[in-house]
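Accompanying notes for the structure given below.
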Amino acid sequence: MHKKIINCLFKIPFSTPLVLILEPWEETTHEVARKLIESFPGRIKGLYFLGNLKFYNIRVPRDFSENSPCWFSENKGRVPLIGPIFELLKDFPGIIAVVTSRFPVDAEDWFGTNILKRTVFVRTVDKQLHPDIVELPANSLSEIKTALENPVLEIIVKGKNFVPLQFKTEPMAEVEVFYEKNEFILKIIPPQRELELHLSAFGNQMPLLYLKRAKGNTEIIKGQEEKPYFNEFIWQKIPEDIKPIFLSMISKEPYKCPHCNELHSYDCLLCPEGQLILKGIQLDTFILFTEDTYLPFSEGYAYLLNDNEIVTKDGMVFRWEDEKWKLIKKIKFFDEVSNGVWGLFHRI
Amino acid sequence: MECGDYFIEFDKTGFPLIRKKEWDYFISLFPVSKYQFERFMIELGPQKGLYTDEWYGEILKLNPRSSWKKITVEPWKLFLTGVTKEEIFYFLEYLGKDFSLPTVSQWRNLFYNSDKIVYSLKRKRFSFSKMAPPARFWIKNGFFPLVKEGLLEMVIEGDKQYCIGKPWQELLPNLWRADEVKEVNWEVARRAVGFRVVKKLKL
């Protein structure tokens, strides 16, 4: 498959969904469930009863208060089984709260599994349910609330042959790009709220976002294709008065300083009299240039030189070889980047 | 799925049933497990006072449940025992209309073929994807078909119901031959009595 520029949007959730599993015949269960549903509006999308595979939707807390008497009586007498419900929830990325007075008869089958690590048992009796599970008494609501949190620990974006070209988060978050084992990984420092990531990338398939939380499996989030979000890189004409300086860099020959009229070496960017040589060109920026045009690399992470080569804003040149990106050159100050294109760190 | 001289298929709960080429029925490779029966109970819910929390609680008092991963300690706890023929009725109906309890000769055929079945299944590298996790685990560990030693198993002959098989000694001390038909005192032996199912081939 050919590599191409992909524009995509990732919607990154912050809070983790919560599902309740209730023991159906206890007055206390009802009360605890009500408090939890009111404490986590929007996070609890619905509930199950032990021994029943039916999912009861909760769009707003009122759904529970209005329908729960009927739901509870519908489930009266069912065997407190949890295994088949866990099977349904195997791919559910959130936290499971089981409100019960007894340890479900088949829960032991799930010891050592990932799903039990993100299950919190809320017991409605004083007696411990089982020594090997996370359980809290129903009267410790604040502790229960804490146990039901599942903070984000890591967010990364990666994909086959993927190179991030430009990216932006809304609201703003800290983003870093790493090059490890011949692949690029974009890492977002976990935010404290929901986030959108606009990404322009180069590759042959849509990259994926991996969201790792304190408990449970890593969530894999697919991006949605979107119209180009970023402006295209625009090459600008080199002003005539400084063009000879760029040309002298290319030929590595001295140039005549426009300020002091003395000859300076091609790598001198500050006249000894204190004047900036490349007047009008952004400072502290990596600049790409040809004989006539230049591109200040002030936005974005990487620039696509051709189908097989990219250059990053850190001056690293990568080539696609043997089915992977290989670092072929690191520009420290000035060097040729690709045929007819040079790179320069414009700094003093 | 072909497996040497045998065919294997799965019931609704993902447990294997086996058939020798010349048999006109499939018979379950294991006695019915609690795992299987629980799948049935969760799907159907209570039926006329049966399969309720209270009902199952009484069954588990006779023979408590243990995780299907524990095959070396008190393995009878993995299987459903102590239920009557009437209590099995809805389970058979749930599996399908061709399901019933085995006859004496159907059970004996499984018994007489058990060594060959073990040999065939151990040699065959078949796909486990359709199989319920406990069955997969038990087969991989050679924990089948449990006819030489296992439970007392309910079999039928006409309208009559008998027991066959040789229970684990720790479950019910005995000097029985597995393939002998026994008439047992239900109250004494109940906790050791389980069952298999057969599925009649459609002609």
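Labeling convention for the structure tokens: chains A, B, ... as they appear, residues from 1 per chain, ligands from 1 in order of appearance.
The part of chain B that reaches within 8 Å of chain A is made up of B:Glu38, B:Arg39, B:Met41, B:Ile42, B:Glu43, B:Gly45, B:Pro46, B:Tyr51, B:Thr52, B:Asp53, B:Glu54, B:Tyr56, B:Arg65, B:Ser66, B:Ser67, B:Trp68, B:Lys69, counting only C-alpha atoms.
Within 12 Å of B:Tyr119, once only C-alpha atoms are used and residues closer than 2 positions along the same chain are dropped, the contacting residues are Cys3, Gly4, Asp5, Tyr6, Asn113, Ser114, Asp115, Lys116, Ile117, Leu121, Lys122, Arg123, Lys124, Arg125, Ile139, Gly142, Phe144 and Pro145 of chain B.
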Restricting the output to C-alpha atoms, write the selected residues as a PDB file, in the first residue's frame.
```pdb
ATOM      1  CA  CYS B   3     -10.951 -36.518  14.798  1.00  0.00           C
ATOM      2  CA  GLY B   4      -9.648 -39.952  13.798  1.00  0.00           C
ATOM      3  CA  ASP B   5     -12.593 -42.367  13.965  1.00  0.00           C
ATOM      4  CA  TYR B   6     -14.661 -39.759  15.773  1.00  0.00           C
ATOM      5  CA  ASN B 113     -14.121 -46.414  23.387  1.00  0.00           C
ATOM      6  CA  SER B 114     -12.635 -44.141  26.026  1.00  0.00           C
ATOM      7  CA  ASP B 115      -8.977 -45.159  25.504  1.00  0.00           C
ATOM      8  CA  LYS B 116      -9.261 -44.679  21.743  1.00  0.00           C
ATOM      9  CA  ILE B 117     -10.981 -41.331  22.257  1.00  0.00           C
ATOM     10  CA  LEU B 121      -8.024 -36.327  20.817  1.00  0.00           C
ATOM     11  CA  LYS B 122      -4.478 -36.108  22.103  1.00  0.00           C
ATOM     12  CA  ARG B 123      -3.133 -36.601  18.584  1.00  0.00           C
ATOM     13  CA  LYS B 124      -5.487 -34.185  16.929  1.00  0.00           C
ATOM     14  CA  ARG B 125      -4.554 -30.515  16.920  1.00  0.00           C
ATOM     15  CA  ILE B 139      -8.901 -31.517  27.218  1.00  0.00           C
ATOM     16  CA  GLY B 142      -6.121 -34.914  29.605  1.00  0.00           C
ATOM     17  CA  PHE B 144     -11.592 -36.502  29.967  1.00  0.00           C
ATOM     18  CA  PRO B 145     -13.814 -38.465  29.330  1.00  0.00           C
TER      19      PRO B 145
END
```
Each residue of stretch 77-108 of chain B lying at most 12 Å from stretch 18-36 of chain B should get a row with its shortest atom-to-atom pair and the distance in Å to one decimal, counting only C-alpha atoms; could you produce that, ordered by chain and increasing number, as a tab-separated table?
```
residue	atom	partner	partner_atom	distance
B:Lys77	CA	B:Lys34	CA	8.2
B:Leu78	CA	B:Ser33	CA	5.8
B:Phe79	CA	B:Ser33	CA	3.9
B:Leu80	CA	B:Lys34	CA	4.9
B:Thr81	CA	B:Lys34	CA	8.6
B:Gly82	CA	B:Lys34	CA	11.5
B:Val83	CA	B:Val32	CA	11.2
B:Ile88	CA	B:Val32	CA	10.4
B:Phe91	CA	B:Gln36	CA	9.6
B:Leu92	CA	B:Val32	CA	10.9
B:Tyr94	CA	B:Gln36	CA	11.3
B:Leu95	CA	B:Gln36	CA	10.4
B:Asp98	CA	B:Tyr25	CA	9.4
B:Phe99	CA	B:Phe26	CA	9.3
B:Ser100	CA	B:Ile27	CA	9.7
B:Leu101	CA	B:Ile27	CA	9.2
B:Pro102	CA	B:Ile27	CA	7.5
B:Thr103	CA	B:Ile27	CA	10.4
B:Ser105	CA	B:Trp23	CA	11.1
B:Gln106	CA	B:Ile27	CA	7.7
B:Trp107	CA	B:Ile27	CA	8.0
B:Arg108	CA	B:Ile27	CA	10.9
```
Written selection (N, CA and C atoms) as a JSON list (two decimals), in the first residue's frame:
```json
[["chain", "number", "residue", "atom", "x", "y", "z"],
["B", 77, "LYS", "N", -16.43, -31.35, 42.24],
["B", 77, "LYS", "CA", -17.06, -30.05, 42.48],
["B", 77, "LYS", "C", -17.28, -29.27, 41.18],
["B", 78, "LEU", "N", -16.65, -29.71, 40.12],
["B", 78, "LEU", "CA", -16.81, -29.04, 38.83],
["B", 78, "LEU", "C", -18.12, -29.43, 38.15],
["B", 79, "PHE", "N", -18.69, -30.57, 38.57],
["B", 79, "PHE", "CA", -19.84, -31.12, 37.84],
["B", 79, "PHE", "C", -21.13, -31.00, 38.63],
["B", 80, "LEU", "N", -22.19, -30.92, 37.86],
["B", 80, "LEU", "CA", -23.50, -30.79, 38.49],
["B", 80, "LEU", "C", -23.96, -32.16, 38.96],
["B", 81, "THR", "N", -24.24, -32.28, 40.23],
["B", 81, "THR", "CA", -24.74, -33.55, 40.76],
["B", 81, "THR", "C", -25.96, -33.27, 41.63],
["B", 82, "GLY", "N", -26.68, -34.32, 41.90],
["B", 82, "GLY", "CA", -27.79, -34.21, 42.85],
["B", 82, "GLY", "C", -29.09, -33.70, 42.26],
["B", 83, "VAL", "N", -29.16, -33.56, 40.95],
["B", 83, "VAL", "CA", -30.42, -33.09, 40.35],
["B", 83, "VAL", "C", -31.23, -34.29, 39.83],
["B", 88, "ILE", "N", -33.72, -31.92, 35.22],
["B", 88, "ILE", "CA", -32.86, -31.83, 34.04],
["B", 88, "ILE", "C", -33.67, -31.46, 32.79],
["B", 91, "PHE", "N", -33.20, -28.20, 31.02],
["B", 91, "PHE", "CA", -31.84, -28.08, 30.48],
["B", 91, "PHE", "C", -31.73, -28.79, 29.13],
["B", 92, "LEU", "N", -32.31, -30.00, 29.07],
["B", 92, "LEU", "CA", -32.28, -30.75, 27.80],
["B", 92, "LEU", "C", -33.04, -29.97, 26.72],
["B", 94, "TYR", "N", -33.41, -26.80, 26.59],
["B", 94, "TYR", "CA", -32.58, -25.64, 26.24],
["B", 94, "TYR", "C", -31.49, -26.03, 25.23],
["B", 95, "LEU", "N", -30.92, -27.22, 25.41],
["B", 95, "LEU", "CA", -29.86, -27.65, 24.48],
["B", 95, "LEU", "C", -30.42, -27.92, 23.09],
["B", 98, "ASP", "N", -33.34, -32.54, 20.18],
["B", 98, "ASP", "CA", -32.76, -33.87, 19.95],
["B", 98, "ASP", "C", -31.95, -34.37, 21.14],
["B", 99, "PHE", "N", -31.95, -33.60, 22.23],
["B", 99, "PHE", "CA", -31.12, -33.99, 23.37],
["B", 99, "PHE", "C", -31.90, -34.82, 24.39],
["B", 100, "SER", "N", -31.20, -35.78, 24.99],
["B", 100, "SER", "CA", -31.82, -36.59, 26.04],
["B", 100, "SER", "C", -30.72, -37.12, 26.95],
["B", 101, "LEU", "N", -31.12, -37.87, 27.98],
["B", 101, "LEU", "CA", -30.13, -38.56, 28.79],
["B", 101, "LEU", "C", -29.66, -39.78, 28.01],
["B", 102, "PRO", "N", -28.44, -40.27, 28.26],
["B", 102, "PRO", "CA", -27.99, -41.45, 27.51],
["B", 102, "PRO", "C", -28.66, -42.74, 27.98],
["B", 103, "THR", "N", -28.74, -43.69, 27.09],
["B", 103, "THR", "CA", -29.18, -45.02, 27.49],
["B", 103, "THR", "C", -27.96, -45.77, 28.02],
["B", 105, "SER", "N", -26.62, -48.47, 26.87],
["B", 105, "SER", "CA", -25.68, -48.88, 25.81],
["B", 105, "SER", "C", -24.93, -47.68, 25.23],
["B", 106, "GLN", "N", -25.56, -46.55, 25.16],
["B", 106, "GLN", "CA", -24.85, -45.34, 24.67],
["B", 106, "GLN", "C", -23.70, -44.99, 25.62],
["B", 107, "TRP", "N", -23.99, -45.06, 26.90],
["B", 107, "TRP", "CA", -22.94, -44.76, 27.89],
["B", 107, "TRP", "C", -21.82, -45.79, 27.79],
["B", 108, "ARG", "N", -22.21, -47.06, 27.69],
["B", 108, "ARG", "CA", -21.19, -48.12, 27.62],
["B", 108, "ARG", "C", -20.32, -47.96, 26.37]]
```
Find the spatial neighbours of stretch 321-333 of chain A, counting only C-alpha atoms, within a cut-off of 10 Å - ignore same-chain residues fewer than 5 positions away - and output them as a PDB file with C-alpha atoms, in the first residue's frame.
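Listed below is the output, result-v1.pdb:
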```
ATOM      1  CA  LYS A 160       2.683   1.262  10.645  1.00  0.00           C
ATOM      2  CA  ASN A 161       5.197   3.472   8.809  1.00  0.00           C
ATOM      3  CA  PHE A 162       3.676   6.415  10.572  1.00  0.00           C
ATOM      4  CA  VAL A 163       5.319   9.856  10.790  1.00  0.00           C
ATOM      5  CA  TYR A 179      11.794   7.941  17.530  1.00  0.00           C
ATOM      6  CA  LYS A 181      13.257   1.225  17.244  1.00  0.00           C
ATOM      7  CA  ASN A 182      12.743   2.695  13.777  1.00  0.00           C
ATOM      8  CA  GLU A 183       9.266   3.979  14.532  1.00  0.00           C
ATOM      9  CA  PHE A 184       7.726   7.265  15.501  1.00  0.00           C
ATOM     10  CA  ASP A 267      28.833  29.909   8.717  1.00  0.00           C
ATOM     11  CA  PHE A 286      15.202  25.352  11.645  1.00  0.00           C
ATOM     12  CA  ASN A 308      10.762   8.337   0.997  1.00  0.00           C
ATOM     13  CA  GLU A 309      12.397  11.121   2.943  1.00  0.00           C
ATOM     14  CA  ILE A 310      11.385  13.427   5.736  1.00  0.00           C
ATOM     15  CA  VAL A 311      13.136  16.016   7.819  1.00  0.00           C
ATOM     16  CA  THR A 312      12.089  16.900  11.355  1.00  0.00           C
ATOM     17  CA  ASP A 314      15.155  18.971  15.050  1.00  0.00           C
ATOM     18  CA  GLY A 315      17.134  18.676  11.817  1.00  0.00           C
ATOM     19  CA  MET A 316      16.959  14.888  11.598  1.00  0.00           C
ATOM     20  CA  TRP A 342      19.521  22.626   2.578  1.00  0.00           C
ATOM     21  CA  GLY A 343      18.783  22.961   6.255  1.00  0.00           C
ATOM     22  CA  LEU A 344      20.023  25.586   8.670  1.00  0.00           C
ATOM     23  CA  PHE A 345      19.506  26.224  12.351  1.00  0.00           C
ATOM     24  CA  HIS A 346      19.099  29.963  12.445  1.00  0.00           C
ATOM     25  CA  ARG A 347      20.409  30.715  15.897  1.00  0.00           C
TER      26      ARG A 347
END
```
Enumerate the residues of stretch 42-269 of chain A with a DSSP assignment of strand (DSSP E or B), computed from the backbone, and present them as a compact mmCIF listing (two decimals) with N, CA and C atoms, in the first residue's frame.
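What landed in result_22.txt:
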```txt
# COMPACT_ATOMS: atom_id res chain seq x y z
N ILE A 44 -22.35 6.28 34.43
CA ILE A 44 -23.02 4.97 34.50
C ILE A 44 -24.07 4.91 33.40
N LYS A 45 -23.80 4.10 32.39
CA LYS A 45 -24.71 4.02 31.24
C LYS A 45 -25.80 2.98 31.46
N GLY A 46 -25.59 2.12 32.46
CA GLY A 46 -26.59 1.10 32.70
C GLY A 46 -26.12 0.08 33.71
N LEU A 47 -26.95 -0.94 33.89
CA LEU A 47 -26.59 -1.93 34.90
C LEU A 47 -27.07 -3.33 34.51
N TYR A 48 -26.48 -4.29 35.19
CA TYR A 48 -26.91 -5.69 35.09
C TYR A 48 -27.34 -6.14 36.48
N PHE A 49 -28.09 -7.23 36.51
CA PHE A 49 -28.35 -7.90 37.78
C PHE A 49 -27.61 -9.23 37.74
N TYR A 56 -29.77 -3.07 31.51
CA TYR A 56 -30.78 -2.05 31.80
C TYR A 56 -30.14 -0.67 31.60
N ASN A 57 -30.63 0.05 30.60
CA ASN A 57 -30.07 1.36 30.26
C ASN A 57 -30.41 2.43 31.29
N ILE A 95 -14.83 0.57 34.38
CA ILE A 95 -14.78 -0.05 35.71
C ILE A 95 -16.13 -0.71 36.00
N ILE A 96 -16.08 -1.82 36.72
CA ILE A 96 -17.30 -2.56 37.06
C ILE A 96 -17.47 -2.50 38.58
N ALA A 97 -18.65 -2.09 39.01
CA ALA A 97 -18.93 -2.08 40.45
C ALA A 97 -20.01 -3.11 40.73
N VAL A 98 -19.70 -4.06 41.60
CA VAL A 98 -20.67 -5.11 41.94
C VAL A 98 -21.19 -4.83 43.35
N VAL A 99 -22.48 -4.55 43.45
CA VAL A 99 -23.06 -4.27 44.76
C VAL A 99 -23.78 -5.53 45.22
N THR A 100 -23.28 -6.12 46.31
CA THR A 100 -23.82 -7.43 46.70
C THR A 100 -23.59 -7.73 48.17
N THR A 119 -12.64 -4.53 38.73
CA THR A 119 -13.94 -4.74 39.37
C THR A 119 -13.82 -4.39 40.85
N VAL A 120 -14.75 -3.58 41.31
CA VAL A 120 -14.78 -3.22 42.73
C VAL A 120 -16.05 -3.80 43.32
N PHE A 121 -15.91 -4.59 44.36
CA PHE A 121 -17.08 -5.15 45.03
C PHE A 121 -17.49 -4.20 46.16
N VAL A 122 -18.75 -3.82 46.15
CA VAL A 122 -19.29 -2.97 47.21
C VAL A 122 -20.20 -3.88 48.04
N ARG A 123 -19.77 -4.19 49.24
CA ARG A 123 -20.55 -5.16 50.02
C ARG A 123 -21.57 -4.46 50.91
N GLU A 135 -12.74 -5.07 47.79
CA GLU A 135 -14.11 -4.84 48.26
C GLU A 135 -14.14 -3.72 49.28
N LEU A 136 -15.24 -2.99 49.28
CA LEU A 136 -15.40 -1.88 50.21
C LEU A 136 -16.79 -1.95 50.82
N PRO A 137 -16.92 -1.55 52.08
CA PRO A 137 -18.27 -1.56 52.66
C PRO A 137 -19.13 -0.47 52.02
N VAL A 152 -6.03 8.30 33.63
CA VAL A 152 -5.24 8.01 32.42
C VAL A 152 -3.75 8.11 32.79
N LEU A 153 -2.98 7.10 32.42
CA LEU A 153 -1.55 7.12 32.72
C LEU A 153 -0.71 7.46 31.48
N GLU A 154 -1.19 7.03 30.33
CA GLU A 154 -0.36 7.23 29.13
C GLU A 154 -1.23 7.31 27.88
N ILE A 155 -0.89 8.22 27.00
CA ILE A 155 -1.58 8.30 25.70
C ILE A 155 -0.51 8.33 24.61
N ILE A 156 -0.54 7.37 23.75
CA ILE A 156 0.41 7.40 22.63
C ILE A 156 -0.32 7.14 21.31
N VAL A 157 0.25 7.68 20.24
CA VAL A 157 -0.28 7.41 18.90
C VAL A 157 0.83 6.78 18.10
N LYS A 158 0.53 5.67 17.47
CA LYS A 158 1.52 5.04 16.60
C LYS A 158 0.82 4.28 15.49
N VAL A 163 4.52 8.70 10.38
CA VAL A 163 5.32 9.86 10.79
C VAL A 163 4.36 11.01 11.06
N PRO A 164 4.37 11.55 12.26
CA PRO A 164 3.51 12.73 12.49
C PRO A 164 4.12 13.94 11.80
N LEU A 165 3.32 14.63 11.00
CA LEU A 165 3.84 15.82 10.32
C LEU A 165 3.46 17.06 11.13
N GLN A 166 2.16 17.18 11.39
CA GLN A 166 1.69 18.31 12.21
C GLN A 166 0.62 17.79 13.17
N PHE A 167 0.53 18.41 14.33
CA PHE A 167 -0.50 18.00 15.28
C PHE A 167 -0.86 19.17 16.19
N LYS A 168 -2.08 19.08 16.71
CA LYS A 168 -2.52 20.12 17.65
C LYS A 168 -3.58 19.51 18.56
N THR A 169 -3.53 19.81 19.83
CA THR A 169 -4.57 19.32 20.73
C THR A 169 -5.46 20.49 21.14
N GLU A 170 -6.71 20.15 21.39
CA GLU A 170 -7.66 21.16 21.89
C GLU A 170 -8.41 20.56 23.07
N VAL A 175 2.69 17.70 24.02
CA VAL A 175 2.85 16.56 23.11
C VAL A 175 4.33 16.42 22.75
N GLU A 176 4.81 15.18 22.76
CA GLU A 176 6.21 14.93 22.39
C GLU A 176 6.25 13.83 21.34
N VAL A 177 7.28 13.88 20.50
CA VAL A 177 7.44 12.80 19.52
C VAL A 177 8.76 12.09 19.81
N PHE A 178 8.68 10.76 19.83
CA PHE A 178 9.88 9.95 20.07
C PHE A 178 10.14 9.09 18.84
N TYR A 179 11.41 8.88 18.58
CA TYR A 179 11.79 7.94 17.53
C TYR A 179 12.50 6.79 18.23
N GLU A 180 11.83 5.64 18.25
CA GLU A 180 12.38 4.47 18.96
C GLU A 180 12.23 3.25 18.08
N GLU A 183 10.64 3.50 14.71
CA GLU A 183 9.27 3.98 14.53
C GLU A 183 9.02 5.24 15.34
N PHE A 184 8.06 6.01 14.84
CA PHE A 184 7.73 7.27 15.50
C PHE A 184 6.55 7.05 16.44
N ILE A 185 6.67 7.63 17.62
CA ILE A 185 5.59 7.53 18.61
C ILE A 185 5.28 8.93 19.10
N LEU A 186 4.02 9.26 19.01
CA LEU A 186 3.59 10.57 19.50
C LEU A 186 2.99 10.36 20.89
N LYS A 187 3.47 11.12 21.84
CA LYS A 187 3.05 10.91 23.22
C LYS A 187 2.40 12.18 23.75
N ILE A 188 1.20 12.03 24.31
CA ILE A 188 0.50 13.19 24.88
C ILE A 188 0.55 13.06 26.40
N LEU A 195 -10.12 15.58 25.43
CA LEU A 195 -9.17 16.23 24.54
C LEU A 195 -9.45 15.80 23.10
N GLU A 196 -9.15 16.71 22.17
CA GLU A 196 -9.18 16.33 20.75
C GLU A 196 -7.79 16.50 20.18
N LEU A 197 -7.40 15.54 19.38
CA LEU A 197 -6.09 15.64 18.73
C LEU A 197 -6.31 15.70 17.23
N HIS A 198 -5.87 16.78 16.60
CA HIS A 198 -5.86 16.88 15.14
C HIS A 198 -4.48 16.47 14.70
N LEU A 199 -4.44 15.58 13.74
CA LEU A 199 -3.14 15.04 13.34
C LEU A 199 -3.04 14.94 11.82
N SER A 200 -1.93 15.43 11.30
CA SER A 200 -1.62 15.20 9.91
C SER A 200 -0.40 14.28 9.93
N ALA A 201 -0.52 13.14 9.30
CA ALA A 201 0.55 12.15 9.39
C ALA A 201 0.86 11.59 8.01
N PHE A 202 2.01 10.97 7.91
CA PHE A 202 2.40 10.33 6.67
C PHE A 202 2.54 8.84 6.96
N GLY A 203 1.93 8.03 6.14
CA GLY A 203 2.01 6.59 6.39
C GLY A 203 1.12 5.85 5.42
N LEU A 208 -3.18 4.60 15.24
CA LEU A 208 -4.13 4.32 16.33
C LEU A 208 -3.65 5.00 17.61
N LEU A 209 -4.63 5.33 18.44
CA LEU A 209 -4.30 5.96 19.72
C LEU A 209 -4.47 4.91 20.82
N TYR A 210 -3.46 4.78 21.65
CA TYR A 210 -3.48 3.80 22.74
C TYR A 210 -3.59 4.56 24.07
N LEU A 211 -4.66 4.26 24.78
CA LEU A 211 -4.94 4.95 26.04
C LEU A 211 -4.80 3.96 27.18
N LYS A 212 -3.82 4.22 28.03
CA LYS A 212 -3.59 3.29 29.14
C LYS A 212 -4.04 3.96 30.44
N ARG A 213 -4.88 3.24 31.16
CA ARG A 213 -5.36 3.76 32.44
C ARG A 213 -4.76 2.93 33.58
N GLU A 219 -6.95 0.92 26.03
CA GLU A 219 -8.00 1.17 25.03
C GLU A 219 -7.34 1.55 23.72
N ILE A 220 -7.85 1.02 22.64
CA ILE A 220 -7.32 1.39 21.32
C ILE A 220 -8.39 2.22 20.64
N ILE A 221 -8.05 3.46 20.33
CA ILE A 221 -9.03 4.38 19.76
C ILE A 221 -8.66 4.67 18.31
N LYS A 222 -9.65 4.51 17.43
CA LYS A 222 -9.42 4.79 16.02
C LYS A 222 -9.70 6.27 15.76
N GLN A 224 -10.82 9.49 13.32
CA GLN A 224 -11.76 9.71 12.22
C GLN A 224 -11.05 10.55 11.17
N GLU A 225 -11.27 10.20 9.93
CA GLU A 225 -10.66 11.02 8.87
C GLU A 225 -11.28 12.41 8.88
N GLN A 236 8.75 30.55 0.95
CA GLN A 236 8.77 31.98 0.65
C GLN A 236 10.02 32.32 -0.17
N LYS A 237 9.90 33.42 -0.93
CA LYS A 237 11.05 33.88 -1.73
C LYS A 237 12.12 34.44 -0.80
N TYR A 255 31.24 35.31 2.13
CA TYR A 255 30.34 36.29 1.50
C TYR A 255 30.69 37.69 2.02
N LYS A 256 30.23 38.68 1.25
CA LYS A 256 30.50 40.07 1.64
C LYS A 256 29.37 40.54 2.55
N LEU A 263 34.51 40.46 4.33
CA LEU A 263 34.19 39.06 3.98
C LEU A 263 34.04 38.26 5.27
N HIS A 264 32.92 37.50 5.35
CA HIS A 264 32.72 36.60 6.51
C HIS A 264 32.64 35.18 5.98
```
Just give me the gap between atom CA of B:Gly57 and atom CA of B:Ala135 in Å, one decimal is fine.
-> 24.2 Å
Write out as a ChimeraX atom specification all residues of stretch 55-275 of chain A that DSSP puts in helix (DSSP H, G or I) for this structure's backbone.
-> /A:61-74,83-88,107-110,114-117,141-147,240-251
Mind dumping the selected residues with C-alpha atoms as a PDB file, in the first residue's frame?
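Contents of out_27.pdb, as written:
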```pdb
ATOM      1  CA  PRO A  61     -30.451   9.048  37.095  1.00  0.00           C
ATOM      2  CA  ARG A  62     -34.248   9.325  36.982  1.00  0.00           C
ATOM      3  CA  ASP A  63     -34.391   6.203  34.786  1.00  0.00           C
ATOM      4  CA  PHE A  64     -33.181   4.232  37.774  1.00  0.00           C
ATOM      5  CA  SER A  65     -35.472   5.779  40.382  1.00  0.00           C
ATOM      6  CA  GLU A  66     -38.509   5.353  38.148  1.00  0.00           C
ATOM      7  CA  ASN A  67     -37.862   1.841  36.852  1.00  0.00           C
ATOM      8  CA  SER A  68     -35.814   0.111  39.504  1.00  0.00           C
ATOM      9  CA  PRO A  69     -38.711  -1.403  41.534  1.00  0.00           C
ATOM     10  CA  CYS A  70     -39.832  -3.184  38.376  1.00  0.00           C
ATOM     11  CA  TRP A  71     -36.255  -4.171  37.470  1.00  0.00           C
ATOM     12  CA  PHE A  72     -35.608  -5.572  40.940  1.00  0.00           C
ATOM     13  CA  SER A  73     -38.778  -7.648  40.985  1.00  0.00           C
ATOM     14  CA  GLU A  74     -38.035  -8.925  37.471  1.00  0.00           C
ATOM     15  CA  GLY A  83     -19.286 -15.153  34.828  1.00  0.00           C
ATOM     16  CA  PRO A  84     -21.473 -14.777  31.730  1.00  0.00           C
ATOM     17  CA  ILE A  85     -21.846 -11.036  32.476  1.00  0.00           C
ATOM     18  CA  PHE A  86     -18.067 -10.708  32.732  1.00  0.00           C
ATOM     19  CA  GLU A  87     -17.843 -12.444  29.344  1.00  0.00           C
ATOM     20  CA  LEU A  88     -20.095  -9.743  27.874  1.00  0.00           C
ATOM     21  CA  ALA A 107     -16.615 -15.331  40.530  1.00  0.00           C
ATOM     22  CA  GLU A 108     -13.692 -17.558  41.496  1.00  0.00           C
ATOM     23  CA  ASP A 109     -13.439 -18.673  37.852  1.00  0.00           C
ATOM     24  CA  TRP A 110     -12.200 -15.156  37.090  1.00  0.00           C
ATOM     25  CA  ASN A 114      -7.783  -8.612  33.883  1.00  0.00           C
ATOM     26  CA  ILE A 115     -11.499  -7.979  34.342  1.00  0.00           C
ATOM     27  CA  LEU A 116     -11.350  -8.695  38.054  1.00  0.00           C
ATOM     28  CA  LYS A 117      -8.601  -6.082  38.394  1.00  0.00           C
ATOM     29  CA  LEU A 141     -19.126   6.239  49.717  1.00  0.00           C
ATOM     30  CA  SER A 142     -16.118   8.505  49.373  1.00  0.00           C
ATOM     31  CA  GLU A 143     -13.732   5.520  49.370  1.00  0.00           C
ATOM     32  CA  ILE A 144     -15.938   3.776  46.833  1.00  0.00           C
ATOM     33  CA  LYS A 145     -15.867   6.849  44.606  1.00  0.00           C
ATOM     34  CA  THR A 146     -12.060   6.895  44.743  1.00  0.00           C
ATOM     35  CA  ALA A 147     -11.869   3.175  43.976  1.00  0.00           C
ATOM     36  CA  GLU A 240      17.187  39.671  -2.809  1.00  0.00           C
ATOM     37  CA  ASP A 241      19.547  41.423  -0.339  1.00  0.00           C
ATOM     38  CA  ILE A 242      20.325  38.230   1.588  1.00  0.00           C
ATOM     39  CA  LYS A 243      20.152  35.780  -1.319  1.00  0.00           C
ATOM     40  CA  PRO A 244      23.964  35.936  -1.903  1.00  0.00           C
ATOM     41  CA  ILE A 245      24.483  34.827   1.694  1.00  0.00           C
ATOM     42  CA  PHE A 246      22.342  31.701   1.174  1.00  0.00           C
ATOM     43  CA  LEU A 247      24.213  31.018  -2.063  1.00  0.00           C
ATOM     44  CA  SER A 248      27.552  31.356  -0.281  1.00  0.00           C
ATOM     45  CA  MET A 249      26.366  28.816   2.285  1.00  0.00           C
ATOM     46  CA  ILE A 250      25.503  26.372  -0.487  1.00  0.00           C
ATOM     47  CA  SER A 251      28.937  26.819  -2.053  1.00  0.00           C
TER      48      SER A 251
END
```
Any idea what the distance is between atom CA of A:Ile5 and atom CA of A:Met206?
-> 9.7 Å
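The two atoms in question, atom CA of A:Leu276 and atom CA of A:Tyr294, are spaced 17.4 Å apart.
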